[in-house]
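Q: Structure file protein25.tsv, TSV, C-alpha atoms, is pasted below:
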```tsv
chain	number	residue	atom	x	y	z
O	1	MET	CA	98.89	107.78	82.44
O	2	GLU	CA	97.30	104.94	84.36
O	3	ASN	CA	93.74	105.32	85.58
O	4	ILE	CA	93.58	105.31	89.38
O	5	THR	CA	90.77	105.56	91.89
O	6	ILE	CA	91.20	108.29	94.49
O	7	SER	CA	89.52	108.03	97.87
O	8	THR	CA	89.25	110.15	101.01
O	9	ALA	CA	90.85	109.01	104.25
O	10	GLY	CA	90.05	109.75	107.86
O	11	ASN	CA	92.19	109.04	110.90
O	12	GLU	CA	91.77	105.29	110.42
O	13	LEU	CA	94.24	105.39	107.50
O	14	LYS	CA	96.66	107.93	108.97
O	15	LYS	CA	99.48	105.41	109.45
O	16	GLU	CA	99.15	104.02	105.91
O	17	LEU	CA	99.07	107.43	104.23
O	18	LEU	CA	101.96	108.82	106.25
O	19	SER	CA	103.92	105.70	105.28
O	20	ILE	CA	103.35	106.41	101.58
O	21	ALA	CA	104.60	109.96	102.05
O	22	HIS	CA	107.52	108.77	104.15
O	23	THR	CA	108.66	106.50	101.33
O	24	ALA	CA	108.17	109.22	98.72
O	25	PHE	CA	110.23	111.82	100.62
O	26	VAL	CA	113.16	109.67	101.76
O	27	ALA	CA	115.55	111.43	99.34
O	28	ASP	CA	113.90	114.88	99.41
O	29	PRO	CA	116.79	117.37	99.57
O	30	PHE	CA	115.02	119.88	101.80
O	31	LEU	CA	113.68	117.37	104.31
O	32	ARG	CA	117.03	115.61	104.49
O	33	TRP	CA	118.65	118.97	105.25
O	34	MET	CA	116.24	119.19	108.19
O	35	MET	CA	116.92	115.57	109.20
O	36	PRO	CA	120.29	114.57	107.72
O	37	ASN	CA	120.68	111.55	109.96
O	38	ALA	CA	118.86	108.55	108.45
O	39	SER	CA	117.65	107.26	111.80
O	40	SER	CA	116.27	110.70	112.69
O	41	PHE	CA	114.43	110.86	109.37
O	42	ILE	CA	112.96	107.36	109.81
O	43	GLU	CA	111.92	108.09	113.39
O	44	ASN	CA	110.58	111.62	112.90
O	45	TYR	CA	109.26	112.15	109.37
O	46	ALA	CA	105.71	111.02	110.20
O	47	LYS	CA	105.64	113.16	113.36
O	48	ILE	CA	106.61	116.32	111.49
O	49	THR	CA	104.26	115.60	108.60
O	50	PHE	CA	101.34	114.91	110.92
O	51	ALA	CA	102.00	118.14	112.82
O	52	MET	CA	102.08	120.06	109.53
O	53	ALA	CA	99.26	118.31	107.64
O	54	GLY	CA	97.41	116.05	110.08
O	55	ARG	CA	94.33	118.25	110.10
O	56	ALA	CA	93.67	116.98	106.56
O	57	PHE	CA	92.49	113.72	108.11
O	58	GLU	CA	89.90	115.33	110.37
O	59	ASN	CA	88.74	117.65	107.55
O	60	LYS	CA	88.34	114.81	105.05
O	61	THR	CA	90.94	116.36	102.74
O	62	ALA	CA	93.44	113.51	102.96
O	63	TYR	CA	93.36	111.65	99.65
O	64	TYR	CA	95.00	108.46	98.47
O	65	ALA	CA	95.18	106.19	95.48
O	66	GLU	CA	93.24	103.07	96.39
O	67	ASP	CA	96.27	100.90	95.63
O	68	PHE	CA	98.13	102.94	98.29
O	69	SER	CA	100.65	104.21	95.76
O	70	ALA	CA	100.05	107.96	96.26
O	71	VAL	CA	98.87	110.42	98.87
O	72	ALA	CA	97.87	114.09	98.93
O	73	LEU	CA	97.24	115.96	102.17
O	74	TRP	CA	95.43	119.24	101.57
O	75	LEU	CA	94.44	121.81	104.17
O	76	PRO	CA	91.23	123.55	103.10
O	77	PRO	CA	90.68	127.29	103.43
O	78	GLY	CA	90.64	128.42	107.04
O	79	ILE	CA	92.52	125.35	108.30
O	80	SER	CA	96.21	125.52	109.15
O	81	ALA	CA	98.86	123.32	110.68
O	82	ASP	CA	98.75	122.54	114.38
O	83	GLU	CA	101.31	125.26	115.15
O	84	ASP	CA	101.99	124.22	118.74
O	85	LEU	CA	102.55	120.59	117.77
O	86	LEU	CA	104.64	121.57	114.75
O	87	VAL	CA	106.94	123.90	116.71
O	88	SER	CA	107.43	121.43	119.57
O	89	THR	CA	108.11	118.59	117.13
O	90	LEU	CA	110.58	120.62	115.10
O	91	MET	CA	112.34	121.80	118.26
O	92	SER	CA	112.85	118.20	119.33
O	93	VAL	CA	114.01	116.97	115.90
O	94	ILE	CA	115.90	119.70	114.05
O	95	PRO	CA	119.68	119.87	114.60
O	96	GLU	CA	120.70	122.85	116.71
O	97	SER	CA	123.03	123.96	113.91
O	98	ILE	CA	120.09	124.88	111.63
O	99	MET	CA	117.53	125.98	114.23
O	100	GLU	CA	118.05	129.71	113.57
O	101	ASN	CA	117.60	129.10	109.83
O	102	MET	CA	114.37	127.18	110.49
O	103	ILE	CA	112.97	130.13	112.43
O	104	ARG	CA	113.84	132.44	109.53
O	105	LEU	CA	112.31	129.94	107.13
O	106	GLY	CA	108.98	130.08	108.96
O	107	SER	CA	108.92	133.87	108.68
O	108	GLU	CA	109.72	133.72	104.96
O	109	ILE	CA	106.99	131.15	104.28
O	110	GLU	CA	104.42	133.38	105.98
O	111	LYS	CA	105.20	136.14	103.45
O	112	TYR	CA	104.07	133.93	100.57
O	113	HIS	CA	101.24	131.82	102.01
O	114	PRO	CA	97.87	133.27	100.89
O	115	GLU	CA	95.13	133.74	103.48
O	116	ASN	CA	92.23	132.03	101.73
O	117	CYS	CA	93.44	129.07	99.71
O	118	TRP	CA	93.68	125.31	99.42
O	119	TYR	CA	97.12	124.37	100.74
O	120	LEU	CA	98.82	121.27	99.38
O	121	ALA	CA	100.96	120.30	102.36
O	122	VAL	CA	102.03	116.88	101.05
O	123	LEU	CA	101.95	115.14	97.68
O	124	GLY	CA	103.83	111.88	97.55
O	125	VAL	CA	104.04	108.87	95.27
O	126	ASP	CA	105.66	105.59	96.22
O	127	PRO	CA	108.99	105.56	94.34
O	128	MET	CA	108.08	102.19	92.80
O	129	MET	CA	105.07	103.84	91.13
O	130	GLN	CA	106.51	107.22	90.13
O	131	GLY	CA	106.39	108.30	86.50
O	132	ARG	CA	102.95	106.77	85.87
O	133	GLY	CA	100.80	109.87	86.34
O	134	ARG	CA	99.74	109.25	89.91
O	135	GLY	CA	101.00	112.62	91.15
O	136	ALA	CA	99.15	114.35	88.32
O	137	SER	CA	95.95	112.44	89.11
O	138	MET	CA	96.19	113.37	92.78
O	139	LEU	CA	96.66	117.04	91.87
O	140	LYS	CA	93.75	117.13	89.43
O	141	HIS	CA	91.44	115.61	92.03
O	142	VAL	CA	91.52	118.68	94.29
O	143	LEU	CA	92.29	121.32	91.69
O	144	GLN	CA	88.79	120.72	90.31
O	145	ARG	CA	87.45	121.61	93.76
O	146	CYS	CA	89.64	124.73	93.88
O	147	ASP	CA	88.13	125.84	90.59
O	148	GLN	CA	84.59	125.15	91.81
O	149	ASP	CA	85.27	127.12	94.99
O	150	GLU	CA	86.99	129.86	92.95
O	151	LEU	CA	89.97	129.72	95.29
O	152	PRO	CA	93.69	129.46	94.64
O	153	ALA	CA	95.82	126.43	95.44
O	154	TYR	CA	99.16	126.98	97.14
O	155	LEU	CA	102.19	124.80	97.93
O	156	GLU	CA	105.88	124.95	98.75
O	157	SER	CA	107.94	122.62	96.58
O	158	SER	CA	110.79	121.11	98.57
O	159	ASN	CA	112.37	119.50	95.52
O	160	PRO	CA	113.28	121.40	92.31
O	161	ALA	CA	112.60	118.22	90.30
O	162	ASN	CA	108.88	118.55	91.07
O	163	ILE	CA	108.41	122.15	89.94
O	164	SER	CA	107.67	121.22	86.33
O	165	LEU	CA	104.88	118.86	87.45
O	166	TYR	CA	103.21	121.68	89.33
O	167	GLN	CA	103.72	124.10	86.45
O	168	ARG	CA	102.00	121.68	84.06
O	169	HIS	CA	98.96	121.96	86.32
O	170	GLY	CA	98.91	125.74	86.35
O	171	PHE	CA	101.06	126.57	89.38
O	172	GLU	CA	103.39	129.54	89.08
O	173	VAL	CA	106.59	130.14	91.02
O	174	MET	CA	106.18	132.99	93.50
O	175	GLY	CA	109.83	133.13	94.56
O	176	GLU	CA	112.47	131.09	96.32
O	177	ILE	CA	113.23	130.74	99.99
O	178	ASN	CA	116.81	130.00	100.90
O	179	VAL	CA	117.93	130.44	104.49
O	180	GLY	CA	120.93	128.14	104.35
O	181	ASN	CA	119.09	125.13	102.94
O	182	PRO	CA	120.99	123.37	100.12
O	183	VAL	CA	118.13	123.78	97.64
O	184	PRO	CA	115.52	126.51	97.74
O	185	LEU	CA	112.01	125.97	99.00
O	186	THR	CA	109.79	127.19	96.16
O	187	PRO	CA	106.37	128.68	97.00
O	188	MET	CA	103.91	128.23	94.13
O	189	ILE	CA	100.35	129.36	93.51
O	190	ARG	CA	97.64	128.35	91.08
O	191	GLU	CA	94.75	130.74	90.65
O	192	SER	CA	91.32	129.21	90.15
O	193	ARG	CA	90.07	128.77	86.60
```
What is this file in structure tokens?

A:
Amino acid sequence: MENITISTAGNELKKELLSIAHTAFVADPFLRWMMPNASSFIENYAKITFAMAGRAFENKTAYYAEDFSAVALWLPPGISADEDLLVSTLMSVIPESIMENMIRLGSEIEKYHPENCWYLAVLGVDPMMQGRGRGASMLKHVLQRCDQDELPAYLESSNPANISLYQRHGFEVMGEINVGNPVPLTPMIRESR
């Protein structure tokens, strides 16, 4: 594992950090189900991600590797997505054919999402830098804080290939959410240690 320096970003680095995530998620099976058309994905990924996780920037819980190879957007306890912006963005982007499934998906996610937790909304590593421990370093950075705060960490894995990474860091599978998506969305929790 390479040693990396992790820093905190505010709104001034929003574009750069969303670009890292955009690159990391270009082949994500769940997100591409939501946006199967390549031009839609390119045009809308950052909008959806900002609506879901943008409050990390204002709460100083947006983290990045200083070489801009990795990003983690965490929402601290008591902070949630901008629901109005998220719904309006999804309504303008999601194909009509899966809209009913997306509504069901939101209801299913609510059943798993703990009230008082650190929520990992986005963890992405530039594909050119994957496999070098950057994702693990980004996770460890905030998991230490979760342990200090004695609060759980929660996420939904949108790619089955990433579940083992999260499990190595103490996350446990809570279930699977499948509302017509080609691969399940996997809610995971890590209790504080």

Q: If we draw a sphere of 12 Å around (98.7, 117.2, 86.0), which residues have at least one atom in it when counting all atoms listed in the file? Please report them as a list of chain:residue names.

A: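 Final list of nearby residues, as requested, is O:Met1, O:Gly131, O:Arg132, O:Gly133, O:Arg134, O:Gly135, O:Ala136, O:Ser137, O:Met138, O:Leu139, O:Lys140, O:His141, O:Val142, O:Leu143, O:Gln144, O:Asn162, O:Ile163, O:Ser164, O:Leu165, O:Tyr166, O:Gln167, O:Arg168, O:His169, O:Gly170, O:Phe171.
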
Q: Ranking O:Ala21, O:Leu90, O:Ala65, O:Ala38 by minimum distance to O:Ala9 and counting all atoms listed in the file, which one comes first?

A: O:Ala65

Q: O:Pro114, O:Leu31, O:Met174, O:Val183: which is nearest O:Thr49, counting all atoms listed in the file?

A: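 Closest candidate: O:Leu31.
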
Q: How far is it from atom CA of O:Asp84 to atom CA of O:Phe30, in Å with one decimal?

A: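 Calculated distance between atom CA of O:Asp84 and atom CA of O:Phe30 is 21.8 Å.
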
Q: Rank nothing, just name the residue among O:Ile48, O:Leu105, O:Met188, O:Leu123 nearest to O:Ala153, using all atoms listed in the file.

A: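 For O:Ala153, the nearest of the given residues is O:Met188.
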
Q: Mind giving me the straight-line distance from atom CA of O:Met99 to atom CA of O:Asn37 in Å, one decimal?

A: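 Interatomic distance here is 15.4 Å.
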
Q: Which residues are close to O:Ala62, i.e. within 9 Å by all atoms listed in the file, leaving aside same-chain residues fewer than 3 positions away? Reply as a VMD selection string.

A: chain O and resid 7 to 10 14 17 53 to 59 71 to 75

Q: So, with all atoms listed in the file as the atoms that count, which of O:Asp147, O:Pro152, O:Pro184, O:Ala81 lies closest to O:Glu172?

A: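 Among O:Asp147, O:Pro152, O:Pro184, O:Ala81, it is O:Pro152 that comes nearest to O:Glu172.
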
Q: Quick one: everything within 12 Å of O:Asp149, counting all atoms listed in the file, minus sequence neighbours fewer than 5 positions away in the same chain. Send it as a PyMOL selection string.

A: chain O and resi 76-77+116-118+142-144+191-193

Q: Let me see the file: selected residues, C-alpha atoms, as an mmCIF file, in the coordinates of the input.

A:
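Wrote it out as out.cif, contents follow:
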```
data_model
loop_
_atom_site.group_PDB
_atom_site.id
_atom_site.type_symbol
_atom_site.label_atom_id
_atom_site.label_comp_id
_atom_site.auth_asym_id
_atom_site.auth_seq_id
_atom_site.Cartn_x
_atom_site.Cartn_y
_atom_site.Cartn_z
ATOM 1 C CA PRO O 76 91.230 123.550 103.100
ATOM 2 C CA PRO O 77 90.680 127.290 103.430
ATOM 3 C CA ASN O 116 92.230 132.030 101.730
ATOM 4 C CA CYS O 117 93.440 129.070 99.710
ATOM 5 C CA TRP O 118 93.680 125.310 99.420
ATOM 6 C CA VAL O 142 91.520 118.680 94.290
ATOM 7 C CA LEU O 143 92.290 121.320 91.690
ATOM 8 C CA GLN O 144 88.790 120.720 90.310
ATOM 9 C CA GLU O 191 94.750 130.740 90.650
ATOM 10 C CA SER O 192 91.320 129.210 90.150
ATOM 11 C CA ARG O 193 90.070 128.770 86.600
#
```

Q: Show me the residues around (105.7, 136.4, 101.1) - criterion: an atom at most 12 Å away, all atoms listed in the file counted - as a short mmCIF file (atom, residue, chain, number, x, y, z; two decimals) with C-alpha atoms, keeping the file's coordinate frame.

A:
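Saved result, out_31.cif, follows:
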```cif
data_model
loop_
_atom_site.label_atom_id
_atom_site.label_comp_id
_atom_site.auth_asym_id
_atom_site.auth_seq_id
_atom_site.Cartn_x
_atom_site.Cartn_y
_atom_site.Cartn_z
CA LEU O 105 112.31 129.94 107.13
CA GLY O 106 108.98 130.08 108.96
CA SER O 107 108.92 133.87 108.68
CA GLU O 108 109.72 133.72 104.96
CA ILE O 109 106.99 131.15 104.28
CA GLU O 110 104.42 133.38 105.98
CA LYS O 111 105.20 136.14 103.45
CA TYR O 112 104.07 133.93 100.57
CA HIS O 113 101.24 131.82 102.01
CA PRO O 114 97.87 133.27 100.89
CA GLU O 115 95.13 133.74 103.48
CA GLU O 156 105.88 124.95 98.75
CA VAL O 173 106.59 130.14 91.02
CA MET O 174 106.18 132.99 93.50
CA GLY O 175 109.83 133.13 94.56
CA GLU O 176 112.47 131.09 96.32
CA ILE O 177 113.23 130.74 99.99
CA THR O 186 109.79 127.19 96.16
CA PRO O 187 106.37 128.68 97.00
CA MET O 188 103.91 128.23 94.13
CA ILE O 189 100.35 129.36 93.51
#
```

Q: Under the rule that all atoms listed in the file are counted, which of O:Ala51, O:Leu151, O:Val93, O:Val122 is the nearest residue to O:Arg190?

A: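 Closest to O:Arg190 of all the choices is O:Leu151.
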
Q: Report, in Å to a single decimal, how far apart atom CA of O:Ile6 and atom CA of O:Glu66 are.

A: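 Between atom CA of O:Glu66 and atom CA of O:Ile6 the gap works out to 5.9 Å.
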
Q: Write out, as a Markdown table, each residue of stretch 67-176 of chain O that has an atom at most 12 Å from stretch 26-29 of chain O, together with the closest pair of atoms and their distance in Å to one decimal, counting all atoms listed in the file, rows going by chain and rising number.

A:
```
| residue | atom | partner | partner_atom | distance |
| --- | --- | --- | --- | --- |
| O:Gly124 | CA | O:Val26 | CA | 10.5 |
| O:Val125 | CA | O:Val26 | CA | 11.2 |
| O:Asp126 | CA | O:Val26 | CA | 10.2 |
| O:Pro127 | CA | O:Val26 | CA | 9.5 |
| O:Ser157 | CA | O:Asp28 | CA | 10.2 |
| O:Ser158 | CA | O:Asp28 | CA | 7.0 |
| O:Asn159 | CA | O:Asp28 | CA | 6.2 |
| O:Pro160 | CA | O:Pro29 | CA | 9.0 |
| O:Ala161 | CA | O:Asp28 | CA | 9.8 |
| O:Asn162 | CA | O:Asp28 | CA | 10.4 |
```

Q: Of the candidates O:Gln148, O:Gln130, O:Ser97, O:Asn181, which one gets nearest to O:Thr23 if we count only C-alpha atoms?

A: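 The answer is O:Gln130, which sits nearest to O:Thr23.
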
Q: Given 4 Å of margin on each side, can you work out the centre and size in Å (one decimal) of an axis-aligned box holding every listed atom of stretch 106-111 of chain O, as AutoDock Vina command-line options?

A:
```
--center_x 107.1 --center_y 133.1 --center_z 106.2 --size_x 13.3 --size_y 14.1 --size_z 13.5
```

Q: What would stretch 76-87 of chain O look like if you wrote it out as a compact mmCIF listing (two decimals), in the first residue's frame, with N, CA and C atoms included, from the block I just posted?

A:
```
# COMPACT_ATOMS: atom_id res chain seq x y z
N PRO O 76 -21.78 13.65 7.79
CA PRO O 76 -21.68 13.38 9.23
C PRO O 76 -23.06 13.18 9.85
N PRO O 77 -23.09 12.70 11.08
CA PRO O 77 -24.38 12.50 11.75
C PRO O 77 -25.22 13.77 11.72
N GLY O 78 -26.50 13.60 11.45
CA GLY O 78 -27.42 14.72 11.43
C GLY O 78 -27.48 15.46 10.09
N ILE O 79 -26.64 15.10 9.15
CA ILE O 79 -26.62 15.75 7.84
C ILE O 79 -27.07 14.73 6.80
N SER O 80 -27.97 15.13 5.94
CA SER O 80 -28.45 14.22 4.90
C SER O 80 -28.36 14.90 3.54
N ALA O 81 -28.68 14.14 2.53
CA ALA O 81 -28.68 14.66 1.17
C ALA O 81 -29.66 15.83 1.06
N ASP O 82 -29.44 16.67 0.08
CA ASP O 82 -30.39 17.72 -0.25
C ASP O 82 -31.54 17.04 -1.00
N GLU O 83 -32.56 16.61 -0.26
CA GLU O 83 -33.63 15.79 -0.82
C GLU O 83 -34.34 16.46 -1.99
N ASP O 84 -34.65 17.74 -1.87
CA ASP O 84 -35.35 18.43 -2.96
C ASP O 84 -34.51 18.44 -4.23
N LEU O 85 -33.23 18.77 -4.08
CA LEU O 85 -32.34 18.79 -5.24
C LEU O 85 -32.15 17.39 -5.80
N LEU O 86 -32.01 16.40 -4.93
CA LEU O 86 -31.82 15.02 -5.39
C LEU O 86 -33.04 14.52 -6.17
N VAL O 87 -34.22 14.73 -5.64
CA VAL O 87 -35.43 14.26 -6.32
C VAL O 87 -35.60 14.98 -7.66
```
